[in-house]
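**Q** Supplied in C-alpha coordinates, the structure appears directly below.
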Amino acid sequence: MERPTLADNYEYVMQGKLYRIAKGSGHHGKAEIDASFGGLLMMLKGDPSYFKKYELDQRLFLLIRKV
(Lines give C-alpha, C1' and ligand atoms only; values in the text may rest on other atoms or scores of the structure.)
Protein backbone atom coordinates (compact mmCIF):
# COMPACT_ATOMS: atom_id res chain seq x y z
CA MET A 1 0.00 0.00 0.00
CA GLU A 2 1.39 3.39 -1.03
CA ARG A 3 1.53 6.38 1.30
CA PRO A 4 -0.57 9.38 0.33
CA THR A 5 1.31 12.31 -1.22
CA LEU A 6 0.55 15.94 -1.96
CA ALA A 7 0.15 15.01 -5.64
CA ASP A 8 -2.92 12.88 -4.77
CA ASN A 9 -4.93 16.10 -4.28
CA TYR A 10 -4.27 17.37 -7.83
CA GLU A 11 -5.26 16.27 -11.34
CA TYR A 12 -1.97 17.29 -12.98
CA VAL A 13 1.56 17.54 -11.55
CA MET A 14 4.61 18.75 -13.47
CA GLN A 15 8.27 19.29 -12.62
CA GLY A 16 10.06 22.22 -14.22
CA LYS A 17 13.07 24.47 -14.06
CA LEU A 18 13.37 28.21 -13.46
CA TYR A 19 15.40 29.60 -16.35
CA ARG A 20 15.11 33.40 -16.11
CA ILE A 21 14.76 35.98 -13.35
CA ALA A 22 14.24 39.65 -14.30
CA LYS A 23 14.36 42.20 -11.50
CA GLY A 24 12.07 45.21 -11.68
CA SER A 25 13.48 48.70 -11.78
CA GLY A 26 12.17 51.82 -10.11
CA HIS A 27 9.85 52.20 -7.14
CA HIS A 28 6.91 50.37 -8.76
CA GLY A 29 8.98 47.90 -10.80
CA LYS A 30 7.68 44.39 -11.22
CA ALA A 31 9.91 41.33 -11.20
CA GLU A 32 9.40 38.39 -13.57
CA ILE A 33 10.40 34.75 -13.33
CA ASP A 34 10.15 32.30 -16.21
CA ALA A 35 9.95 28.53 -15.81
CA SER A 36 9.82 25.68 -18.31
CA PHE A 37 7.87 22.50 -17.69
CA GLY A 38 8.99 20.31 -20.59
CA GLY A 39 7.93 22.83 -23.22
CA LEU A 40 5.07 24.43 -21.29
CA LEU A 41 6.35 27.88 -20.35
CA MET A 42 5.15 29.91 -17.39
CA MET A 43 5.88 33.55 -16.59
CA LEU A 44 5.00 35.05 -13.21
CA LYS A 45 5.05 38.81 -12.58
CA GLY A 46 4.87 40.45 -9.21
CA ASP A 47 6.49 42.46 -6.49
CA PRO A 48 10.25 41.70 -6.33
CA SER A 49 9.96 40.82 -2.63
CA TYR A 50 7.87 37.73 -3.54
CA PHE A 51 10.68 36.30 -5.68
CA LYS A 52 13.64 36.73 -3.32
CA LYS A 53 13.85 33.03 -2.45
CA TYR A 54 13.99 31.82 -6.07
CA GLU A 55 17.29 31.04 -7.81
CA LEU A 56 18.26 30.40 -11.40
CA ASP A 57 18.07 26.69 -12.41
CA GLN A 58 15.91 25.93 -9.36
CA ARG A 59 13.53 22.97 -9.76
CA LEU A 60 9.83 23.76 -9.37
CA PHE A 61 6.62 21.75 -9.16
CA LEU A 62 3.36 22.89 -10.71
CA LEU A 63 0.23 21.38 -9.14
CA ILE A 64 -3.08 21.90 -10.97
CA ARG A 65 -6.66 21.00 -10.04
CA LYS A 66 -10.15 22.04 -11.02
CA VAL A 67 -11.94 24.47 -8.75
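Chain lettering (A, B, ...) mirrors the order of the C-alpha coordinates, residue numbering begins at 1 for each chain separately, and ligand numbering begins at 1 in order of display.
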Hey, what's within 6 Å of range 2-19 of chain A if we count only C-alpha atoms and toss same-chain stuff fewer than 6 positions away? As a list in words, please?

**A**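 The contact residues come out as Asp34, Ala35, Ser36, Phe37, Leu56, Asp57, Gln58, Arg59, Leu60, Phe61, Leu62, Leu63, Ile64 and Arg65 of chain A.
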
**Q** What residues in chain A get the DSSP label strand (DSSP E or B)? Please answer as a PyMOL selection string.

**A** chain A and resi 12-22+31-37+40-46+59-64

**Q** Please return, as an mmCIF file with N, CA and C atoms, in the first residue's frame, all residues of chain A that DSSP assigns to helix (DSSP H, G or I) on the basis of the backbone.

**A**
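Final output, saved to states.cif:
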data_model
loop_
_atom_site.group_PDB
_atom_site.id
_atom_site.type_symbol
_atom_site.label_atom_id
_atom_site.label_comp_id
_atom_site.auth_asym_id
_atom_site.auth_seq_id
_atom_site.Cartn_x
_atom_site.Cartn_y
_atom_site.Cartn_z
ATOM 1 N N LEU A 6 1.182 14.680 -1.596
ATOM 2 C CA LEU A 6 0.552 15.941 -1.956
ATOM 3 C C LEU A 6 -0.041 15.865 -3.359
ATOM 4 N N ALA A 7 0.602 15.138 -4.258
ATOM 5 C CA ALA A 7 0.146 15.009 -5.641
ATOM 6 C C ALA A 7 -1.220 14.334 -5.744
ATOM 7 N N ASP A 8 -1.618 13.562 -4.756
ATOM 8 C CA ASP A 8 -2.919 12.881 -4.772
ATOM 9 C C ASP A 8 -4.092 13.864 -4.789
ATOM 10 N N ASN A 9 -3.866 15.097 -4.345
ATOM 11 C CA ASN A 9 -4.926 16.103 -4.281
ATOM 12 C C ASN A 9 -5.057 16.917 -5.565
ATOM 13 N N PRO A 48 8.956 42.385 -6.465
ATOM 14 C CA PRO A 48 10.252 41.698 -6.331
ATOM 15 C C PRO A 48 10.442 40.997 -4.992
ATOM 16 N N SER A 49 9.789 41.453 -3.931
ATOM 17 C CA SER A 49 9.961 40.816 -2.626
ATOM 18 C C SER A 49 9.404 39.392 -2.607
ATOM 19 N N TYR A 50 8.429 39.083 -3.485
ATOM 20 C CA TYR A 50 7.875 37.729 -3.541
ATOM 21 C C TYR A 50 8.855 36.726 -4.134
ATOM 22 N N PHE A 51 9.803 37.201 -4.940
ATOM 23 C CA PHE A 51 10.683 36.300 -5.679
ATOM 24 C C PHE A 51 12.094 36.220 -5.100
#

**Q** Using only C-alpha atoms, which protein or nucleic acid residues come within 10 Å of Gly24 in chain A? Drop anything in the same chain fewer than 3 positions from it, and give the result as a ChimeraX atom specification.

**A** /A:21,27-32,45-48
